[in-house]
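The file coords.pdb comes next; it holds PDB, C-alpha atoms.
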```pdb
ATOM      1  CA  MET A 494     -25.608 -20.692 -20.517  1.00  0.00           C
ATOM      2  CA  LEU A 495     -25.800 -19.869 -16.821  1.00  0.00           C
ATOM      3  CA  ARG A 496     -22.406 -18.804 -15.520  1.00  0.00           C
ATOM      4  CA  THR A 497     -22.233 -17.271 -12.077  1.00  0.00           C
ATOM      5  CA  LEU A 498     -19.087 -15.800 -10.531  1.00  0.00           C
ATOM      6  CA  ILE A 499     -19.574 -15.084  -6.821  1.00  0.00           C
ATOM      7  CA  PHE A 500     -17.101 -13.162  -4.698  1.00  0.00           C
ATOM      8  CA  LEU A 501     -17.314 -12.641  -0.956  1.00  0.00           C
ATOM      9  CA  ARG A 502     -19.166  -9.346  -0.432  1.00  0.00           C
ATOM     10  CA  SER A 503     -22.003  -9.667   2.056  1.00  0.00           C
ATOM     11  CA  PRO A 504     -21.848 -12.975   3.939  1.00  0.00           C
ATOM     12  CA  ALA A 505     -24.901 -12.236   6.063  1.00  0.00           C
ATOM     13  CA  VAL A 506     -27.150 -11.554   3.080  1.00  0.00           C
ATOM     14  CA  LEU A 507     -25.890 -14.536   1.089  1.00  0.00           C
ATOM     15  CA  SER A 508     -26.182 -16.961   3.987  1.00  0.00           C
ATOM     16  CA  ALA A 509     -29.712 -15.772   4.798  1.00  0.00           C
ATOM     17  CA  GLY A 510     -30.808 -16.286   1.202  1.00  0.00           C
ATOM     18  CA  LEU A 511     -29.325 -19.761   1.014  1.00  0.00           C
ATOM     19  CA  MET A 512     -30.805 -20.712   4.382  1.00  0.00           C
ATOM     20  CA  ALA A 513     -34.248 -19.689   3.152  1.00  0.00           C
ATOM     21  CA  LEU A 514     -33.837 -21.888   0.084  1.00  0.00           C
ATOM     22  CA  ILE A 515     -32.670 -24.852   2.155  1.00  0.00           C
ATOM     23  CA  LEU A 516     -35.507 -24.578   4.647  1.00  0.00           C
ATOM     24  CA  ALA A 517     -38.031 -24.199   1.832  1.00  0.00           C
ATOM     25  CA  VAL A 518     -36.871 -27.308   0.008  1.00  0.00           C
ATOM     26  CA  THR A 519     -35.586 -29.600   2.773  1.00  0.00           C
ATOM     27  CA  PRO A 520     -37.017 -28.588   6.141  1.00  0.00           C
ATOM     28  CA  ILE A 521     -35.378 -30.186   9.149  1.00  0.00           C
ATOM     29  CA  THR A 522     -38.245 -32.031  10.843  1.00  0.00           C
ATOM     30  CA  SER A 523     -38.664 -35.296  12.661  1.00  0.00           C
ATOM     31  CA  ASP A 524     -39.575 -36.825   9.285  1.00  0.00           C
ATOM     32  CA  THR A 525     -36.366 -35.767   7.513  1.00  0.00           C
ATOM     33  CA  ALA A 526     -33.905 -36.214  10.388  1.00  0.00           C
ATOM     34  CA  ARG A 527     -31.824 -39.364  10.010  1.00  0.00           C
ATOM     35  CA  ALA A 528     -30.039 -41.697  12.403  1.00  0.00           C
ATOM     36  CA  SER A 529     -26.680 -40.105  11.627  1.00  0.00           C
ATOM     37  CA  ASP A 530     -25.278 -41.232  15.000  1.00  0.00           C
ATOM     38  CA  ASP A 531     -25.041 -44.784  13.649  1.00  0.00           C
ATOM     39  CA  PRO A 532     -22.632 -44.797  10.698  1.00  0.00           C
ATOM     40  CA  GLU A 533     -22.252 -48.124   8.894  1.00  0.00           C
ATOM     41  CA  PRO A 534     -18.690 -49.155   7.974  1.00  0.00           C
ATOM     42  CA  VAL A 535     -18.289 -51.216   4.801  1.00  0.00           C
ATOM     43  CA  THR A 536     -15.589 -52.414   2.421  1.00  0.00           C
ATOM     44  CA  PHE A 537     -15.618 -52.554  -1.373  1.00  0.00           C
ATOM     45  CA  GLY A 538     -13.193 -53.480  -4.118  1.00  0.00           C
ATOM     46  CA  THR A 539     -11.433 -51.611  -6.915  1.00  0.00           C
ATOM     47  CA  GLU A 540     -10.934 -52.810 -10.470  1.00  0.00           C
ATOM     48  CA  ASP A 541      -7.258 -53.512  -9.682  1.00  0.00           C
ATOM     49  CA  GLY A 542      -8.043 -55.729  -6.706  1.00  0.00           C
ATOM     50  CA  LEU A 543      -7.676 -53.487  -3.640  1.00  0.00           C
ATOM     51  CA  SER A 544     -10.087 -53.376  -0.706  1.00  0.00           C
ATOM     52  CA  LEU A 545     -11.190 -49.883   0.285  1.00  0.00           C
ATOM     53  CA  ALA A 546     -12.908 -48.795   3.493  1.00  0.00           C
ATOM     54  CA  GLY A 547     -16.120 -46.780   3.333  1.00  0.00           C
ATOM     55  CA  THR A 548     -18.864 -45.575   5.647  1.00  0.00           C
ATOM     56  CA  TRP A 549     -22.574 -44.935   5.127  1.00  0.00           C
ATOM     57  CA  TYR A 550     -24.409 -42.157   6.973  1.00  0.00           C
ATOM     58  CA  GLY A 551     -28.192 -41.842   6.964  1.00  0.00           C
ATOM     59  CA  GLU A 552     -30.926 -44.124   5.722  1.00  0.00           C
ATOM     60  CA  ALA A 553     -31.026 -45.748   2.313  1.00  0.00           C
ATOM     61  CA  GLY A 554     -32.523 -43.565  -0.370  1.00  0.00           C
ATOM     62  CA  ASN A 555     -31.835 -40.842  -2.865  1.00  0.00           C
ATOM     63  CA  PRO A 556     -29.890 -38.756  -3.471  1.00  0.00           C
ATOM     64  CA  ALA A 557     -26.642 -40.292  -2.253  1.00  0.00           C
ATOM     65  CA  VAL A 558     -23.680 -37.956  -1.749  1.00  0.00           C
ATOM     66  CA  ILE A 559     -20.121 -39.301  -2.105  1.00  0.00           C
ATOM     67  CA  LEU A 560     -17.472 -37.298  -0.234  1.00  0.00           C
ATOM     68  CA  SER A 561     -13.849 -37.652  -1.413  1.00  0.00           C
ATOM     69  CA  HIS A 562     -11.120 -36.570   0.984  1.00  0.00           C
ATOM     70  CA  MET A 563      -7.976 -34.533   0.397  1.00  0.00           C
ATOM     71  CA  ARG A 564      -4.402 -35.292   1.469  1.00  0.00           C
ATOM     72  CA  PRO A 565      -3.385 -36.014   4.214  1.00  0.00           C
ATOM     73  CA  ASP A 566      -6.988 -36.478   5.373  1.00  0.00           C
ATOM     74  CA  THR A 567      -8.952 -39.698   5.663  1.00  0.00           C
ATOM     75  CA  GLN A 568     -12.683 -40.293   5.360  1.00  0.00           C
ATOM     76  CA  ASP A 569     -13.016 -39.470   9.072  1.00  0.00           C
ATOM     77  CA  ASP A 570     -12.356 -35.824   8.256  1.00  0.00           C
ATOM     78  CA  TRP A 571     -15.619 -35.759   6.274  1.00  0.00           C
ATOM     79  CA  ALA A 572     -17.655 -37.352   9.083  1.00  0.00           C
ATOM     80  CA  PHE A 573     -18.978 -34.048  10.471  1.00  0.00           C
ATOM     81  CA  PHE A 574     -20.394 -33.025   7.099  1.00  0.00           C
ATOM     82  CA  ALA A 575     -21.665 -36.508   6.270  1.00  0.00           C
ATOM     83  CA  ARG A 576     -23.666 -36.400   9.524  1.00  0.00           C
ATOM     84  CA  ARG A 577     -25.024 -32.983   8.573  1.00  0.00           C
ATOM     85  CA  LEU A 578     -26.160 -34.301   5.208  1.00  0.00           C
ATOM     86  CA  ALA A 579     -27.777 -37.308   6.884  1.00  0.00           C
ATOM     87  CA  GLU A 580     -29.682 -34.994   9.230  1.00  0.00           C
ATOM     88  CA  LEU A 581     -31.146 -33.275   6.170  1.00  0.00           C
ATOM     89  CA  GLY A 582     -32.254 -36.582   4.640  1.00  0.00           C
ATOM     90  CA  TYR A 583     -29.404 -37.369   2.265  1.00  0.00           C
ATOM     91  CA  ARG A 584     -27.550 -40.660   2.318  1.00  0.00           C
ATOM     92  CA  ALA A 585     -23.862 -39.785   2.563  1.00  0.00           C
ATOM     93  CA  PHE A 586     -20.932 -42.044   1.748  1.00  0.00           C
ATOM     94  CA  THR A 587     -17.319 -41.432   2.736  1.00  0.00           C
ATOM     95  CA  PHE A 588     -14.341 -43.614   1.853  1.00  0.00           C
ATOM     96  CA  ASP A 589     -10.575 -43.827   2.182  1.00  0.00           C
ATOM     97  CA  PHE A 590      -8.430 -43.603  -0.919  1.00  0.00           C
ATOM     98  CA  ARG A 591      -5.908 -46.439  -1.238  1.00  0.00           C
ATOM     99  CA  GLY A 592      -3.151 -46.315   1.361  1.00  0.00           C
ATOM    100  CA  HIS A 593      -5.196 -43.990   3.606  1.00  0.00           C
ATOM    101  CA  GLY A 594      -7.171 -44.796   6.750  1.00  0.00           C
ATOM    102  CA  GLY A 595      -8.581 -48.311   6.636  1.00  0.00           C
ATOM    103  CA  SER A 596      -8.021 -48.941   2.926  1.00  0.00           C
ATOM    104  CA  GLY A 597      -5.485 -51.367   1.509  1.00  0.00           C
ATOM    105  CA  GLY A 598      -2.529 -50.667  -0.729  1.00  0.00           C
ATOM    106  CA  SER A 599      -0.076 -47.796  -0.751  1.00  0.00           C
ATOM    107  CA  PRO A 600      -0.964 -44.148  -1.321  1.00  0.00           C
ATOM    108  CA  ASP A 601      -1.138 -43.440  -5.056  1.00  0.00           C
ATOM    109  CA  PRO A 602      -2.616 -40.019  -5.920  1.00  0.00           C
ATOM    110  CA  ARG A 603      -2.468 -40.930  -9.614  1.00  0.00           C
ATOM    111  CA  LYS A 604      -5.162 -43.565  -8.987  1.00  0.00           C
ATOM    112  CA  THR A 605      -7.686 -41.541  -7.003  1.00  0.00           C
ATOM    113  CA  ASP A 606     -10.046 -41.627  -9.974  1.00  0.00           C
ATOM    114  CA  VAL A 607      -9.868 -45.442  -9.960  1.00  0.00           C
ATOM    115  CA  ASP A 608     -10.835 -45.464  -6.280  1.00  0.00           C
ATOM    116  CA  LEU A 609     -13.666 -42.963  -6.703  1.00  0.00           C
ATOM    117  CA  ARG A 610     -14.974 -44.915  -9.685  1.00  0.00           C
ATOM    118  CA  ALA A 611     -15.110 -48.008  -7.460  1.00  0.00           C
ATOM    119  CA  ALA A 612     -16.929 -46.027  -4.749  1.00  0.00           C
ATOM    120  CA  LEU A 613     -19.444 -44.722  -7.271  1.00  0.00           C
ATOM    121  CA  GLN A 614     -20.101 -48.207  -8.601  1.00  0.00           C
ATOM    122  CA  TYR A 615     -20.513 -49.551  -5.068  1.00  0.00           C
ATOM    123  CA  VAL A 616     -22.984 -46.806  -4.157  1.00  0.00           C
ATOM    124  CA  ARG A 617     -25.007 -47.441  -7.289  1.00  0.00           C
ATOM    125  CA  ASN A 618     -24.967 -51.193  -6.684  1.00  0.00           C
ATOM    126  CA  SER A 619     -26.314 -50.452  -3.209  1.00  0.00           C
ATOM    127  CA  GLY A 620     -29.451 -48.938  -4.733  1.00  0.00           C
ATOM    128  CA  ALA A 621     -28.672 -45.250  -5.254  1.00  0.00           C
ATOM    129  CA  THR A 622     -29.889 -44.074  -8.651  1.00  0.00           C
ATOM    130  CA  ASP A 623     -29.174 -40.381  -8.046  1.00  0.00           C
ATOM    131  CA  VAL A 624     -25.650 -39.450  -6.941  1.00  0.00           C
ATOM    132  CA  VAL A 625     -23.871 -36.212  -6.043  1.00  0.00           C
ATOM    133  CA  LEU A 626     -20.064 -36.007  -5.935  1.00  0.00           C
ATOM    134  CA  ILE A 627     -18.236 -33.689  -3.518  1.00  0.00           C
ATOM    135  CA  GLY A 628     -14.457 -33.567  -3.153  1.00  0.00           C
ATOM    136  CA  GLY A 629     -11.706 -31.499  -1.583  1.00  0.00           C
ATOM    137  CA  SER A 630      -8.329 -30.858  -3.267  1.00  0.00           C
ATOM    138  CA  MET A 631      -7.047 -34.334  -4.258  1.00  0.00           C
ATOM    139  CA  GLY A 632     -10.632 -35.567  -3.920  1.00  0.00           C
ATOM    140  CA  ALA A 633     -11.915 -32.625  -5.962  1.00  0.00           C
ATOM    141  CA  MET A 634      -9.573 -33.549  -8.793  1.00  0.00           C
ATOM    142  CA  ALA A 635     -10.896 -37.120  -8.849  1.00  0.00           C
ATOM    143  CA  THR A 636     -14.446 -35.774  -8.567  1.00  0.00           C
ATOM    144  CA  ALA A 637     -13.943 -33.595 -11.645  1.00  0.00           C
ATOM    145  CA  LYS A 638     -12.654 -36.562 -13.663  1.00  0.00           C
ATOM    146  CA  LEU A 639     -15.620 -38.721 -12.693  1.00  0.00           C
ATOM    147  CA  ALA A 640     -18.121 -35.912 -13.303  1.00  0.00           C
ATOM    148  CA  ALA A 641     -16.753 -35.729 -16.848  1.00  0.00           C
ATOM    149  CA  GLU A 642     -17.294 -39.462 -17.391  1.00  0.00           C
ATOM    150  CA  GLU A 643     -20.465 -40.223 -15.468  1.00  0.00           C
ATOM    151  CA  THR A 644     -24.006 -38.892 -15.261  1.00  0.00           C
ATOM    152  CA  VAL A 645     -24.415 -37.405 -11.782  1.00  0.00           C
ATOM    153  CA  LEU A 646     -26.967 -35.018 -10.328  1.00  0.00           C
ATOM    154  CA  ALA A 647     -24.355 -32.427  -9.347  1.00  0.00           C
ATOM    155  CA  ALA A 648     -20.713 -32.005  -8.408  1.00  0.00           C
ATOM    156  CA  VAL A 649     -18.909 -29.781  -5.889  1.00  0.00           C
ATOM    157  CA  LEU A 650     -15.177 -29.135  -6.348  1.00  0.00           C
ATOM    158  CA  MET A 651     -13.417 -27.598  -3.360  1.00  0.00           C
ATOM    159  CA  ALA A 652      -9.931 -26.414  -4.434  1.00  0.00           C
ATOM    160  CA  PRO A 653      -9.426 -28.496  -7.593  1.00  0.00           C
ATOM    161  CA  TYR A 654      -6.298 -28.468  -9.775  1.00  0.00           C
ATOM    162  CA  TRP A 655      -5.604 -29.643 -13.300  1.00  0.00           C
ATOM    163  CA  ASP A 656      -4.217 -33.099 -13.987  1.00  0.00           C
ATOM    164  CA  ASN A 657      -0.485 -33.216 -13.248  1.00  0.00           C
ATOM    165  CA  GLU A 658       2.409 -35.615 -12.719  1.00  0.00           C
ATOM    166  CA  THR A 659       1.512 -36.189  -9.064  1.00  0.00           C
ATOM    167  CA  PHE A 660      -2.290 -36.178  -8.922  1.00  0.00           C
ATOM    168  CA  ALA A 661      -5.022 -37.510 -11.201  1.00  0.00           C
ATOM    169  CA  GLY A 662      -7.102 -34.494 -12.123  1.00  0.00           C
ATOM    170  CA  PRO A 663      -9.186 -33.226 -15.013  1.00  0.00           C
ATOM    171  CA  THR A 664      -7.709 -32.422 -18.392  1.00  0.00           C
ATOM    172  CA  ARG A 665      -9.163 -29.485 -20.279  1.00  0.00           C
ATOM    173  CA  ALA A 666     -11.131 -31.868 -22.464  1.00  0.00           C
ATOM    174  CA  GLU A 667     -12.564 -33.533 -19.353  1.00  0.00           C
ATOM    175  CA  ALA A 668     -13.491 -30.188 -17.815  1.00  0.00           C
ATOM    176  CA  ARG A 669     -15.401 -29.303 -20.982  1.00  0.00           C
ATOM    177  CA  ALA A 670     -17.193 -32.663 -20.704  1.00  0.00           C
ATOM    178  CA  ILE A 671     -18.678 -31.817 -17.278  1.00  0.00           C
ATOM    179  CA  THR A 672     -22.321 -31.091 -18.021  1.00  0.00           C
ATOM    180  CA  SER A 673     -23.971 -31.672 -14.629  1.00  0.00           C
ATOM    181  CA  PRO A 674     -24.599 -28.681 -12.329  1.00  0.00           C
ATOM    182  CA  LEU A 675     -21.256 -27.649 -10.884  1.00  0.00           C
ATOM    183  CA  LEU A 676     -20.097 -25.645  -7.872  1.00  0.00           C
ATOM    184  CA  VAL A 677     -16.415 -24.691  -7.619  1.00  0.00           C
ATOM    185  CA  MET A 678     -15.080 -23.300  -4.334  1.00  0.00           C
ATOM    186  CA  THR A 679     -11.666 -21.856  -3.576  1.00  0.00           C
ATOM    187  CA  ALA A 680      -9.972 -19.087  -1.587  1.00  0.00           C
ATOM    188  CA  ARG A 681      -8.191 -16.084  -3.038  1.00  0.00           C
ATOM    189  CA  ASP A 682      -4.852 -16.808  -1.348  1.00  0.00           C
ATOM    190  CA  ASP A 683      -4.962 -20.595  -1.754  1.00  0.00           C
ATOM    191  CA  SER A 684      -2.632 -22.307  -4.217  1.00  0.00           C
ATOM    192  CA  SER A 685      -5.675 -23.712  -6.038  1.00  0.00           C
ATOM    193  CA  ALA A 686      -7.244 -20.333  -6.835  1.00  0.00           C
ATOM    194  CA  ALA A 687      -5.982 -19.840 -10.391  1.00  0.00           C
ATOM    195  CA  GLU A 688      -6.540 -23.429 -11.528  1.00  0.00           C
ATOM    196  CA  SER A 689      -9.951 -23.579  -9.847  1.00  0.00           C
ATOM    197  CA  ARG A 690     -11.033 -20.540 -11.871  1.00  0.00           C
ATOM    198  CA  GLU A 691      -9.649 -22.085 -15.060  1.00  0.00           C
ATOM    199  CA  ILE A 692     -11.501 -25.354 -14.437  1.00  0.00           C
ATOM    200  CA  PHE A 693     -14.695 -23.402 -13.812  1.00  0.00           C
ATOM    201  CA  GLU A 694     -14.263 -21.441 -17.030  1.00  0.00           C
ATOM    202  CA  ALA A 695     -13.553 -24.595 -19.047  1.00  0.00           C
ATOM    203  CA  ALA A 696     -16.440 -26.647 -17.627  1.00  0.00           C
ATOM    204  CA  GLY A 697     -19.274 -27.301 -20.027  1.00  0.00           C
ATOM    205  CA  ALA A 698     -22.017 -27.292 -17.384  1.00  0.00           C
ATOM    206  CA  ASP A 699     -24.973 -24.997 -18.025  1.00  0.00           C
ATOM    207  CA  GLY A 700     -25.577 -24.551 -14.286  1.00  0.00           C
ATOM    208  CA  LYS A 701     -22.111 -23.720 -13.022  1.00  0.00           C
ATOM    209  CA  HIS A 702     -21.119 -21.451 -10.150  1.00  0.00           C
ATOM    210  CA  ILE A 703     -17.886 -20.415  -8.512  1.00  0.00           C
ATOM    211  CA  LYS A 704     -17.257 -18.976  -5.055  1.00  0.00           C
ATOM    212  CA  VAL A 705     -13.921 -17.323  -4.312  1.00  0.00           C
ATOM    213  CA  PHE A 706     -13.546 -16.666  -0.583  1.00  0.00           C
ATOM    214  CA  SER A 707     -11.078 -14.316   1.030  1.00  0.00           C
ATOM    215  CA  GLY A 708      -8.094 -15.818   2.841  1.00  0.00           C
ATOM    216  CA  GLY A 709      -6.321 -19.077   2.180  1.00  0.00           C
ATOM    217  CA  ASP A 710      -8.432 -21.934   3.599  1.00  0.00           C
ATOM    218  CA  HIS A 711      -7.866 -24.991   1.427  1.00  0.00           C
ATOM    219  CA  GLY A 712     -10.463 -27.493   0.267  1.00  0.00           C
ATOM    220  CA  ARG A 713     -12.474 -29.096   3.061  1.00  0.00           C
ATOM    221  CA  ARG A 714     -11.028 -26.571   5.522  1.00  0.00           C
ATOM    222  CA  LEU A 715     -13.434 -24.001   4.098  1.00  0.00           C
ATOM    223  CA  LEU A 716     -16.084 -25.895   6.085  1.00  0.00           C
ATOM    224  CA  ILE A 717     -14.251 -25.559   9.404  1.00  0.00           C
ATOM    225  CA  GLY A 718     -12.498 -22.178   9.121  1.00  0.00           C
ATOM    226  CA  ARG A 719     -13.769 -18.622   9.275  1.00  0.00           C
ATOM    227  CA  HIS A 720     -16.032 -19.204   6.265  1.00  0.00           C
ATOM    228  CA  ALA A 721     -17.544 -22.378   7.702  1.00  0.00           C
ATOM    229  CA  VAL A 722     -21.150 -21.194   7.992  1.00  0.00           C
ATOM    230  CA  GLU A 723     -21.248 -19.608   4.573  1.00  0.00           C
ATOM    231  CA  SER A 724     -19.498 -22.571   2.965  1.00  0.00           C
ATOM    232  CA  GLU A 725     -22.017 -24.998   4.441  1.00  0.00           C
ATOM    233  CA  MET A 726     -24.959 -22.856   3.391  1.00  0.00           C
ATOM    234  CA  LEU A 727     -23.540 -22.491  -0.097  1.00  0.00           C
ATOM    235  CA  ILE A 728     -23.184 -26.245  -0.582  1.00  0.00           C
ATOM    236  CA  LEU A 729     -26.542 -27.068   1.000  1.00  0.00           C
ATOM    237  CA  GLY A 730     -28.270 -24.405  -1.084  1.00  0.00           C
ATOM    238  CA  PHE A 731     -26.676 -25.792  -4.225  1.00  0.00           C
ATOM    239  CA  LEU A 732     -27.827 -29.309  -3.298  1.00  0.00           C
ATOM    240  CA  ALA A 733     -31.326 -28.081  -2.475  1.00  0.00           C
ATOM    241  CA  ALA A 734     -31.563 -26.505  -5.921  1.00  0.00           C
ATOM    242  CA  HIS A 735     -30.085 -29.372  -7.973  1.00  0.00           C
ATOM    243  CA  ALA A 736     -30.382 -32.523  -5.839  1.00  0.00           C
ATOM    244  CA  PRO A 737     -33.280 -32.129  -3.393  1.00  0.00           C
ATOM    245  CA  VAL A 738     -34.049 -34.844  -0.876  1.00  0.00           C
ATOM    246  CA  GLY A 739     -36.728 -37.258  -2.040  1.00  0.00           C
ATOM    247  CA  ARG A 740     -36.084 -36.491  -5.695  1.00  0.00           C
TER
END
```

Re-express the file's structure as structure tokens.
Amino acid sequence: MLRTLIFLRSPAVLSAGLMALILAVTPITSDTARASDDPEPVTFGTEDGLSLAGTWYGEAGNPAVILSHMRPDTQDDWAFFARRLAELGYRAFTFDFRGHGGSGGSPDPRKTDVDLRAALQYVRNSGATDVVLIGGSMGAMATAKLAAEETVLAAVLMAPYWDNETFAGPTRAEARAITSPLLVMTARDDSSAAESREIFEAAGADGKHIKVFSGGDHGRRLLIGRHAVESEMLILGFLAAHAPVGR
């Protein structure tokens, strides 16, 4: 079983290695660049009758990457990274959990898995056969639950926690059921650090990796804080290895 524990030691060396992998597998050329300046807003329904707002970035194709936001974010907070994925040739999909952004209903963090399940079904019904799930905090918890239930190419959990009274997250049995390639990201001083490590240890994935950054940036904020470049390269390198464009 491949189990990799990565701590922040030499950012320059790590980023250079990941960049080489990304450029080798998914070069940014006129053929792979996508029209990410033209996002496509859509709506879709949940099993309990709510209408959720979503947005497509990039051209139709595989793999599709679903980005689940944290609280108090909305899907708009993932737009910068969705555009980046579209530039590399992925089709990215963001959406608002119920009661957030343009979605209907009231906020209910115990039903985030219901909303993500609806998003996954919508993306598959739209023609995507290969799907990657990425989530931050609240979205990471829902992502872990769905990765335990569904066959996906890969999953990225940024600051996940266990299931609790407030948020729908993975149980230990569900963590053990995650078999797709898995990347867990957290920060040493973030409140998610201990539980993120525990979820990583419990996960049943053969190809699982964890990155523990210094500092306290939480979830999606790892992509906009002082570790932004390395965080992006880490995720893109992971995708290049397990969910390459044109697969």

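All residues of protein, DNA or RNA that reach within 10 Å of Arg719 in chain A, judged by all atoms listed in the file and not counting those fewer than 5 positions away in the chain, are Ser707, Gly708, Asp710, Arg714 and Ser724 of chain A.
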
*asked:* Excluding Asp566 in chain A and its own-chain neighbours fewer than 2 positions away, which residues fall within 10 Å of it when counting all atoms listed in the file? Please give them as JSON, numbers by chain.
replied: {"A": [561, 562, 563, 564, 568, 569, 570, 571, 589, 590, 593, 594, 629, 631, 713]}

*asked:* Would you pick out the contacts of range 547-549 of chain A at 8 Å or less, using only C-alpha atoms, so that residues sharing its chain but fewer than 2 positions from it are not included, and give the list as an MDAnalysis selection string?
replied: chainID A and resid 532:537 545 551 568 584:589

Evaluate the PyMOL selection byres ((chain A and resi 625) around 8) and report residues as an mmCIF file with C-alpha atoms, in the frame of the given file:
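Listed below is the output, out.cif:
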```
data_model
loop_
_atom_site.group_PDB
_atom_site.id
_atom_site.type_symbol
_atom_site.label_atom_id
_atom_site.label_comp_id
_atom_site.auth_asym_id
_atom_site.auth_seq_id
_atom_site.Cartn_x
_atom_site.Cartn_y
_atom_site.Cartn_z
ATOM 1 C CA PRO A 556 -29.890 -38.756 -3.471
ATOM 2 C CA ALA A 557 -26.642 -40.292 -2.253
ATOM 3 C CA VAL A 558 -23.680 -37.956 -1.749
ATOM 4 C CA ILE A 559 -20.121 -39.301 -2.105
ATOM 5 C CA ASP A 623 -29.174 -40.381 -8.046
ATOM 6 C CA VAL A 624 -25.650 -39.450 -6.941
ATOM 7 C CA LEU A 626 -20.064 -36.007 -5.935
ATOM 8 C CA ILE A 627 -18.236 -33.689 -3.518
ATOM 9 C CA VAL A 645 -24.415 -37.405 -11.782
ATOM 10 C CA LEU A 646 -26.967 -35.018 -10.328
ATOM 11 C CA ALA A 647 -24.355 -32.427 -9.347
ATOM 12 C CA ALA A 648 -20.713 -32.005 -8.408
ATOM 13 C CA ALA A 736 -30.382 -32.523 -5.839
#
```

List as a PDB file with C-alpha atoms, keeping the file's coordinate frame: which residues have an atom within 12 Å of (-16.7, -24.2, -20.1), counting all atoms listed in the file?
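The resulting file, part-v2.pdb, is reproduced below:
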```
ATOM      1  CA  MET A 494     -25.608 -20.692 -20.517  1.00  0.00           C
ATOM      2  CA  LEU A 495     -25.800 -19.869 -16.821  1.00  0.00           C
ATOM      3  CA  ARG A 496     -22.406 -18.804 -15.520  1.00  0.00           C
ATOM      4  CA  THR A 497     -22.233 -17.271 -12.077  1.00  0.00           C
ATOM      5  CA  ALA A 641     -16.753 -35.729 -16.848  1.00  0.00           C
ATOM      6  CA  ARG A 665      -9.163 -29.485 -20.279  1.00  0.00           C
ATOM      7  CA  ALA A 666     -11.131 -31.868 -22.464  1.00  0.00           C
ATOM      8  CA  GLU A 667     -12.564 -33.533 -19.353  1.00  0.00           C
ATOM      9  CA  ALA A 668     -13.491 -30.188 -17.815  1.00  0.00           C
ATOM     10  CA  ARG A 669     -15.401 -29.303 -20.982  1.00  0.00           C
ATOM     11  CA  ALA A 670     -17.193 -32.663 -20.704  1.00  0.00           C
ATOM     12  CA  ILE A 671     -18.678 -31.817 -17.278  1.00  0.00           C
ATOM     13  CA  THR A 672     -22.321 -31.091 -18.021  1.00  0.00           C
ATOM     14  CA  SER A 673     -23.971 -31.672 -14.629  1.00  0.00           C
ATOM     15  CA  PRO A 674     -24.599 -28.681 -12.329  1.00  0.00           C
ATOM     16  CA  LEU A 675     -21.256 -27.649 -10.884  1.00  0.00           C
ATOM     17  CA  ARG A 690     -11.033 -20.540 -11.871  1.00  0.00           C
ATOM     18  CA  GLU A 691      -9.649 -22.085 -15.060  1.00  0.00           C
ATOM     19  CA  ILE A 692     -11.501 -25.354 -14.437  1.00  0.00           C
ATOM     20  CA  PHE A 693     -14.695 -23.402 -13.812  1.00  0.00           C
ATOM     21  CA  GLU A 694     -14.263 -21.441 -17.030  1.00  0.00           C
ATOM     22  CA  ALA A 695     -13.553 -24.595 -19.047  1.00  0.00           C
ATOM     23  CA  ALA A 696     -16.440 -26.647 -17.627  1.00  0.00           C
ATOM     24  CA  GLY A 697     -19.274 -27.301 -20.027  1.00  0.00           C
ATOM     25  CA  ALA A 698     -22.017 -27.292 -17.384  1.00  0.00           C
ATOM     26  CA  ASP A 699     -24.973 -24.997 -18.025  1.00  0.00           C
ATOM     27  CA  GLY A 700     -25.577 -24.551 -14.286  1.00  0.00           C
ATOM     28  CA  LYS A 701     -22.111 -23.720 -13.022  1.00  0.00           C
ATOM     29  CA  HIS A 702     -21.119 -21.451 -10.150  1.00  0.00           C
TER      30      HIS A 702
END
```

*Go through A:Leu650, A:Gly709, A:Gly595, A:Glu642 one by one, measure the shortest atom-to-atom distance of each to Asp682 in chain A using only C-alpha atoms, and give the residue with the smallest value.*
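For Asp682 in chain A, the nearest of the given residues is A:Gly709.
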
Starting from 5 Å padding per side, set up an axis-aligned box that covers all listed atoms of range 603-607 of chain A and hand over centre and edge lengths in Å, one decimal, as AutoDock Vina command-line options.
```
--center_x -6.3 --center_y -43.2 --center_z -8.5 --size_x 17.6 --size_y 14.5 --size_z 13.0
```

*From the set A:Gly554, A:Pro602, A:Pro663, A:Gly582, which residue has the shortest atom-to-atom contact distance to Thr622 in chain A, counting all atoms listed in the file?*
A:Gly554

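Separating CA of Arg610 in chain A from CA of Val705 in chain A is a distance of 28.1 Å.
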
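The residue that comes closest to Gly632 in chain A, out of A:Gly620, A:Lys704, A:Gly712, A:Thr679 and on the basis of all atoms listed in the file, is A:Gly712.
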
*Quick one, how far is CA of Arg591 in chain A from CA of Glu643 in chain A?*
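Between these atoms lies a distance of 21.3 Å.
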
*Could you state the separation of CA of Ser596 in chain A and CA of Met634 in chain A in Å, given to one decimal place?*
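A separation of 19.4 Å between them.
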
*Using the chain letters and residue numbers of this document, give as a PyMOL selection string the residues selected by the PyMOL selection byres ((chain A and resi 737) around 10).*
chain A and resi 515+518-519+555-556+581-583+646+729-736+738-740

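Nearest-residue note for Ile703 in chain A: choosing from A:Ala553, A:Met678, A:Leu716, A:Met651, the minimum distance belongs to A:Met678, counting all atoms listed in the file.
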